[in-house]
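One file, data_25.txt, carrying compact mmCIF, C-alpha atoms:
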# COMPACT_ATOMS: atom_id res chain seq x y z
CA MET A 3 6.09 -107.53 19.52
CA ILE A 4 6.92 -103.84 19.11
CA ALA A 5 5.67 -103.16 22.64
CA ALA A 6 7.85 -105.93 24.00
CA VAL A 7 10.93 -104.60 22.24
CA CYS A 8 10.25 -101.11 23.57
CA ALA A 9 9.71 -102.44 27.07
CA TYR A 10 12.78 -104.66 27.16
CA SER A 11 15.41 -102.80 25.29
CA GLN A 12 18.11 -100.18 25.72
CA VAL A 13 17.42 -96.65 24.51
CA VAL A 14 20.55 -94.89 23.32
CA VAL A 15 20.21 -91.16 22.79
CA SER A 16 23.18 -89.45 21.16
CA VAL A 17 24.29 -85.96 22.15
CA ASP A 18 24.74 -83.34 19.41
CA GLU A 19 28.09 -81.75 20.19
CA ASN A 20 27.29 -78.73 18.01
CA VAL A 21 24.77 -77.42 20.51
CA SER A 22 27.25 -77.45 23.38
CA LYS A 23 30.50 -76.47 21.70
CA ASN A 24 30.31 -72.89 23.02
CA LYS A 25 29.17 -73.66 26.56
CA ASP A 26 32.50 -72.37 27.92
CA LYS A 27 32.53 -69.22 25.76
CA ASN A 28 31.66 -65.74 27.09
CA VAL A 29 28.57 -64.27 25.45
CA PHE A 30 29.59 -60.72 26.40
CA LEU A 31 32.92 -61.18 24.66
CA ALA A 32 31.07 -62.32 21.54
CA ILE A 33 28.76 -59.29 21.73
CA GLY A 34 31.68 -56.91 22.21
CA ALA A 35 33.58 -58.41 19.30
CA SER A 36 30.58 -58.04 16.98
CA ALA A 37 29.97 -54.48 18.14
CA LEU A 38 33.59 -53.58 17.46
CA LEU A 39 33.85 -55.36 14.11
CA PRO A 40 30.85 -57.20 12.67
CA GLY A 41 31.51 -60.89 12.14
CA MET A 42 34.10 -61.21 14.88
CA GLY A 43 31.55 -62.45 17.41
CA GLU A 44 30.55 -65.21 15.01
CA MET A 45 34.21 -66.08 14.42
CA TYR A 46 34.79 -66.28 18.18
CA LEU A 47 31.87 -68.71 18.44
CA GLY A 48 33.17 -70.81 15.57
CA GLU A 49 30.45 -69.85 13.09
CA LYS A 50 32.35 -68.60 10.05
CA GLY A 51 29.56 -68.64 7.48
CA LEU A 52 28.61 -64.96 7.87
CA VAL A 53 32.01 -63.59 8.84
CA LYS A 54 33.03 -62.54 5.31
CA PRO A 55 29.66 -60.98 4.41
CA PHE A 56 29.73 -58.90 7.60
CA LEU A 57 33.35 -57.84 7.05
CA TRP A 58 32.95 -56.95 3.36
CA THR A 59 29.75 -55.03 4.08
CA ASP A 60 31.48 -53.09 6.84
CA LEU A 61 34.45 -52.30 4.61
CA ALA A 62 32.19 -51.05 1.82
CA LEU A 63 30.26 -48.87 4.28
CA TRP A 64 33.47 -47.38 5.71
CA VAL A 65 34.68 -46.52 2.20
CA THR A 66 31.32 -44.92 1.38
CA THR A 67 31.26 -43.00 4.66
CA PHE A 68 34.78 -41.65 4.29
CA SER A 69 34.49 -40.79 0.59
CA SER A 70 31.10 -39.07 0.98
CA TYR A 71 32.44 -36.95 3.83
CA VAL A 72 35.53 -35.91 1.88
CA ILE A 73 33.52 -35.18 -1.27
CA GLY A 74 31.03 -33.14 0.75
CA GLU A 75 33.78 -31.03 2.27
CA ARG A 76 35.23 -30.41 -1.18
CA TYR A 77 31.87 -29.27 -2.54
CA LEU A 78 31.44 -26.96 0.45
CA THR A 79 34.87 -25.43 -0.08
CA SER A 80 34.24 -25.15 -3.79
CA ALA A 81 30.91 -23.38 -3.23
CA HIS A 82 32.50 -20.93 -0.76
CA ASP A 83 35.38 -20.12 -3.08
CA TYR A 84 32.95 -19.68 -5.98
CA ALA A 85 30.90 -17.18 -3.93
CA VAL A 86 34.05 -15.27 -3.01
CA ARG A 87 35.08 -15.08 -6.66
CA HIS A 88 31.72 -14.25 -8.26
CA ALA A 89 29.71 -12.60 -5.49
CA GLY A 90 32.48 -10.93 -3.49
CA LEU A 91 31.64 -12.86 -0.31
CA THR A 92 33.59 -11.15 2.47
CA THR A 93 34.08 -13.99 4.94
CA SER A 94 36.21 -17.08 5.18
CA SER A 95 33.47 -18.87 7.11
CA LYS A 96 32.12 -22.02 5.48
CA LYS A 97 29.13 -22.28 7.78
CA VAL A 98 26.43 -24.16 5.90
CA SER A 99 23.58 -21.89 7.04
CA LEU A 100 25.49 -18.86 5.81
CA LEU A 101 26.25 -20.35 2.41
CA ASN A 102 22.63 -21.46 2.02
CA THR A 103 21.59 -17.87 2.67
CA VAL A 104 24.11 -16.61 0.12
CA GLY A 105 22.36 -18.85 -2.41
CA ASP A 106 18.89 -17.68 -1.35
CA PHE A 107 19.53 -13.94 -1.78
CA ARG A 108 21.37 -12.07 -4.50
CA SER A 109 22.90 -9.56 -2.11
CA ARG A 110 23.33 -8.47 1.49
CA SER A 111 22.89 -4.73 1.12
CA GLY A 112 21.45 -4.01 -2.26
CA VAL A 113 22.02 -5.53 -5.68
CA ALA A 114 24.04 -3.45 -8.08
CA GLY A 115 21.74 -2.06 -10.75
CA GLN A 116 18.50 -2.98 -8.92
CA ASN A 117 15.88 -0.59 -7.59
CA SER A 118 15.67 0.44 -3.93
CA SER A 119 12.78 -1.93 -3.19
CA PRO A 120 13.85 -5.34 -4.47
CA ASP A 121 11.85 -8.56 -4.21
CA MET A 122 12.06 -10.61 -1.03
CA ASP A 123 14.47 -13.04 -2.65
CA GLU A 124 16.75 -10.31 -3.97
CA ASP A 125 18.19 -8.55 -0.93
CA TYR A 126 18.85 -10.20 2.44
CA ASN A 127 18.72 -6.97 4.48
CA GLN A 128 15.38 -5.94 2.98
CA SER A 129 14.00 -9.40 3.72
CA GLN A 130 15.10 -9.17 7.35
CA LEU A 131 13.55 -5.72 7.81
CA ARG A 132 10.28 -6.78 6.20
CA SER A 133 10.19 -9.76 8.58
CA GLY A 134 10.68 -7.47 11.57
CA LYS A 135 14.23 -8.65 12.27
CA ALA A 136 17.52 -6.78 12.60
CA ILE A 137 19.79 -7.01 9.57
CA ASP A 138 22.60 -8.40 11.71
CA GLU A 139 20.45 -10.75 13.80
CA GLU A 140 21.82 -13.90 12.14
CA PHE A 141 25.09 -12.78 10.55
CA ASP A 142 27.56 -10.03 11.32
CA GLU A 143 26.99 -6.94 9.19
CA SER A 144 30.55 -7.19 7.86
CA ILE A 145 29.54 -10.26 5.86
CA GLN A 146 28.55 -9.01 2.42
CA TRP A 147 27.90 -10.50 -1.01
CA ASP A 148 26.37 -9.43 -4.31
CA TRP A 149 25.68 -11.78 -7.21
CA GLY A 150 24.57 -8.92 -9.44
CA SER A 151 21.37 -8.09 -11.27
CA SER A 152 18.94 -10.86 -12.20
CA ASP A 153 18.63 -9.16 -15.60
CA ASN A 154 22.15 -10.28 -16.41
CA PRO A 155 22.20 -13.92 -17.67
CA GLU A 156 25.82 -14.32 -16.63
CA THR A 157 25.17 -13.46 -12.99
CA SER A 158 22.15 -15.76 -13.01
CA ASP A 159 24.37 -18.55 -14.28
CA HIS A 160 26.81 -17.82 -11.46
CA ILE A 161 24.23 -18.12 -8.70
CA ASP A 162 22.76 -21.23 -10.32
CA GLU A 163 26.20 -22.84 -10.37
CA PHE A 164 26.68 -21.93 -6.72
CA LYS A 165 23.33 -23.50 -5.81
CA SER A 166 24.29 -26.62 -7.76
CA ARG A 167 27.47 -27.04 -5.72
CA MET A 168 25.52 -26.63 -2.50
CA ARG A 169 23.01 -29.26 -3.67
CA HIS A 170 25.86 -31.68 -4.32
CA TYR A 171 27.11 -30.94 -0.81
CA ARG A 172 23.70 -31.76 0.67
CA VAL A 173 23.47 -35.01 -1.30
CA SER A 174 26.91 -36.06 -0.08
CA ARG A 175 25.84 -35.33 3.49
CA ILE A 176 22.75 -37.48 3.08
CA VAL A 177 24.93 -40.33 1.79
CA PHE A 178 27.33 -39.81 4.70
CA GLN A 179 24.55 -39.92 7.29
CA ALA A 180 22.96 -42.97 5.66
CA SER A 181 26.35 -44.74 5.64
CA VAL A 182 26.91 -44.02 9.33
CA GLY A 183 23.45 -45.39 10.08
CA ALA A 184 24.21 -48.50 8.03
CA LEU A 185 27.46 -49.03 9.95
CA VAL A 186 25.53 -48.97 13.21
CA LEU A 187 22.85 -51.28 11.80
CA ASN A 188 25.50 -53.74 10.56
CA ARG A 189 26.83 -53.97 14.10
CA VAL A 190 23.39 -54.40 15.63
CA ILE A 191 22.61 -57.24 13.23
CA SER A 192 25.96 -58.91 13.95
CA VAL A 193 25.42 -58.61 17.71
CA LEU A 194 21.94 -60.15 17.44
CA ASP A 195 23.32 -62.93 15.26
CA ALA A 196 26.11 -63.61 17.76
CA ILE A 197 23.52 -63.88 20.53
CA ARG A 198 21.50 -66.28 18.37
CA VAL A 199 24.54 -68.45 17.70
CA TYR A 200 25.51 -68.47 21.37
CA ARG A 201 22.03 -69.51 22.49
CA LYS A 202 22.01 -72.25 19.88
CA THR A 203 25.45 -73.64 20.69
CA SER A 204 26.01 -73.05 24.40
CA SER A 205 23.91 -75.84 25.97
CA LYS A 206 23.58 -79.59 25.52
CA ALA A 207 20.67 -80.97 23.62
CA PHE A 208 19.74 -84.39 22.30
CA SER A 209 19.68 -85.40 18.70
CA GLU A 210 16.53 -86.89 17.23
CA ARG A 211 18.24 -90.20 16.47
CA MET A 212 17.25 -93.00 18.88
CA GLU A 213 18.50 -96.59 18.89
CA PHE A 214 16.83 -99.54 20.60
CA VAL A 215 19.34 -102.17 21.64
CA PRO A 216 18.09 -105.23 23.61
CA GLU A 217 20.06 -105.94 26.78
CA PHE A 218 19.81 -109.30 28.56
CA TYR A 219 20.44 -110.09 32.21
CA ASP A 220 23.72 -111.83 32.87
CA ASP A 221 21.96 -115.06 33.77
CA GLY A 222 19.79 -114.86 30.60
CA SER A 223 16.55 -114.73 32.60
CA GLY A 224 15.06 -111.70 30.86
CA LEU A 225 15.43 -108.37 29.09
CA LEU A 226 16.37 -105.06 30.62
CA MET A 227 15.53 -101.62 29.28
CA ASN A 228 18.12 -98.93 29.99
CA VAL A 229 17.75 -95.30 28.99
CA LYS A 230 21.11 -93.56 28.86
CA PHE A 231 21.46 -89.74 28.56

Can you present the structure in this file as C-alpha cells?
Amino acid sequence: MIAAVCAYSQVVVSVDENVSKNKDKNVFLAIGASALLPGMGEMYLGEKGLVKPFLWTDLALWVTTFSSYVIGERYLTSAHDYAVRHAGLTTSSKKVSLLNTVGDFRSRSGVAGQNSSPDMDEDYNQSQLRSGKAIDEEFDESIQWDWGSSDNPETSDHIDEFKSRMRHYRVSRIVFQASVGALVLNRVISVLDAIRVYRKTSSKAFSERMEFVPEFYDDGSGLLMNVKF
C-alpha cells in the first residue's frame, strides 16, 4: 500500500526562502562592510544576531587602544621629565632607547662621588669603552645625565622611580599592541562570518519537509505522481 501511494502520488517539496534571501546581494560589499566595521556585513545580509556583539567588542577595543596609547605617552613624558629633574638629563628627546639607557646606567661621564673605575652598570661611557665602542656611537656626546652615587639611598630611590615609570610605559605599549591586534582579529572574524552567512543564504535549497498528495487523472482512470521543485 505504501509503495502504491509513493508510486501514484504528488511529491511537494517546499523551498526554504531563508537560504536564498541574499542571492542578489554582493558578497564583496558584505566583506568590505565587515572589514570597515565588524557586524556591518552581517547587518547587510540581514543577520542581526551578532551585530551588537561585534560592535560592542569593537568599541571596547577602540577605547582600550586609545587610552593605553595616551597613558603610555604620559608615562614616557613623566619619565623624561623625572630624569631631567633628578639626573640632569640634557636632552629634550623622549626616544625610548635613550630613556632605557638612562635607567640602565647611573651616569654618562662619571658618577659624582664614585671612583674612576666604576662597575659596568654605573657609567655609560666606561661601559662603551670596555665593549670596544666609541662613547658617542649611539648617542651624541652632548647628552649627559647623572643619578648620583649608589651609596646614597635618595638617589637610588630616584633611579628606581624612573625605572618604574618606564616599566609602566612598556606595559601600556603591550596593551596598546594587543588591542590593535584584537581590532584586526575582530574584523577578520566578522569577515569570515559574513562569508559564512552569504554562502548559507545566497542559493536556493529544499527543506526536509515532503508531502505526498494523490493526484487522479481527469477521467478518473488512475493515479499520477508529480514531483514539483

Contacts of stretch 81-90 of chain A at 12 Å or less, counting all atoms listed in the file, minus same-chain residues fewer than 6 places along, as JSON, numbers by chain? {"A": [74, 75, 96, 97, 98, 99, 100, 101, 102, 103, 104, 105, 107, 108, 109, 110, 113, 114, 145, 146, 147, 148, 149, 150, 151, 156, 157, 158, 159, 160, 161, 162, 163, 164, 165, 166, 167, 168, 169, 170, 171, 172]}

Contact table stretch 30-87 of chain A vs stretch 198-201 of chain A, cut-off 9 Å, shortest pair per residue, all atoms listed in the file, as CSV:
residue,atom,partner,partner_atom,distance
A:Ala32,CA,A:Tyr200,CA,8.3
A:Glu44,CA,A:Val199,CA,7.3
A:Leu47,CA,A:Tyr200,CA,7.0
A:Glu49,CA,A:Val199,CA,7.6

Which residue gives the smallest distance to A:Ser94 among A:Val53, A:Arg175, A:Val186, A:Ser144, with all atoms listed in the file counted?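 The answer is A:Ser144, which sits nearest to A:Ser94.
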
One decimal place gives the atom CA of A:Ser174-atom CA of A:Val65 separation as 13.2 Å

Can you tell me which residues surround A:Leu52 at a distance of at most 10 Å, considering all atoms listed in the file, apart from same-chain residues fewer than 2 positions away, and format the answer as an mmCIF file with C-alpha atoms, keeping the file's coordinate frame?
data_model
loop_
_atom_site.group_PDB
_atom_site.id
_atom_site.type_symbol
_atom_site.label_atom_id
_atom_site.label_comp_id
_atom_site.auth_asym_id
_atom_site.auth_seq_id
_atom_site.Cartn_x
_atom_site.Cartn_y
_atom_site.Cartn_z
ATOM 1 C CA PRO A 40 30.850 -57.200 12.670
ATOM 2 C CA GLY A 41 31.510 -60.890 12.140
ATOM 3 C CA MET A 42 34.100 -61.210 14.880
ATOM 4 C CA GLU A 44 30.550 -65.210 15.010
ATOM 5 C CA MET A 45 34.210 -66.080 14.420
ATOM 6 C CA GLU A 49 30.450 -69.850 13.090
ATOM 7 C CA LYS A 50 32.350 -68.600 10.050
ATOM 8 C CA LYS A 54 33.030 -62.540 5.310
ATOM 9 C CA PRO A 55 29.660 -60.980 4.410
ATOM 10 C CA PHE A 56 29.730 -58.900 7.600
ATOM 11 C CA LEU A 57 33.350 -57.840 7.050
ATOM 12 C CA SER A 192 25.960 -58.910 13.950
ATOM 13 C CA ASP A 195 23.320 -62.930 15.260
#

Shell around A:Leu185 at 9 Å using all atoms listed in the file, local window under 4 positions removed, as JSON, numbers by chain: {"A": [59, 60, 63, 64, 67, 180, 181, 189, 190]}

Once you have the residues from the selection above, write them out as a JSON list (two decimals), in the coordinates of the input, restricted to C-alpha atoms.
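Saved result, result25.json, follows:
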[["chain", "number", "residue", "atom", "x", "y", "z"],
["A", 59, "THR", "CA", 29.75, -55.03, 4.08],
["A", 60, "ASP", "CA", 31.48, -53.09, 6.84],
["A", 63, "LEU", "CA", 30.26, -48.87, 4.28],
["A", 64, "TRP", "CA", 33.47, -47.38, 5.71],
["A", 67, "THR", "CA", 31.26, -43.00, 4.66],
["A", 180, "ALA", "CA", 22.96, -42.97, 5.66],
["A", 181, "SER", "CA", 26.35, -44.74, 5.64],
["A", 189, "ARG", "CA", 26.83, -53.97, 14.10],
["A", 190, "VAL", "CA", 23.39, -54.40, 15.63]]

Provide the atom CA of A:Asn154 to atom CA of A:Tyr126 distance in Å, to one decimal place. 19.1 Å

What gap, in Å, lies between atom CA of A:Asn24 and atom CA of A:Thr203?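 The value is 5.4 Å.
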
Using all atoms listed in the file, find the one residue out of A:Leu31, A:Trp58, A:Ala184, A:Glu124 that sits nearest to A:Tyr46.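 Checking each of A:Leu31, A:Trp58, A:Ala184, A:Glu124 against A:Tyr46, counting all atoms listed in the file, the winner is A:Leu31.
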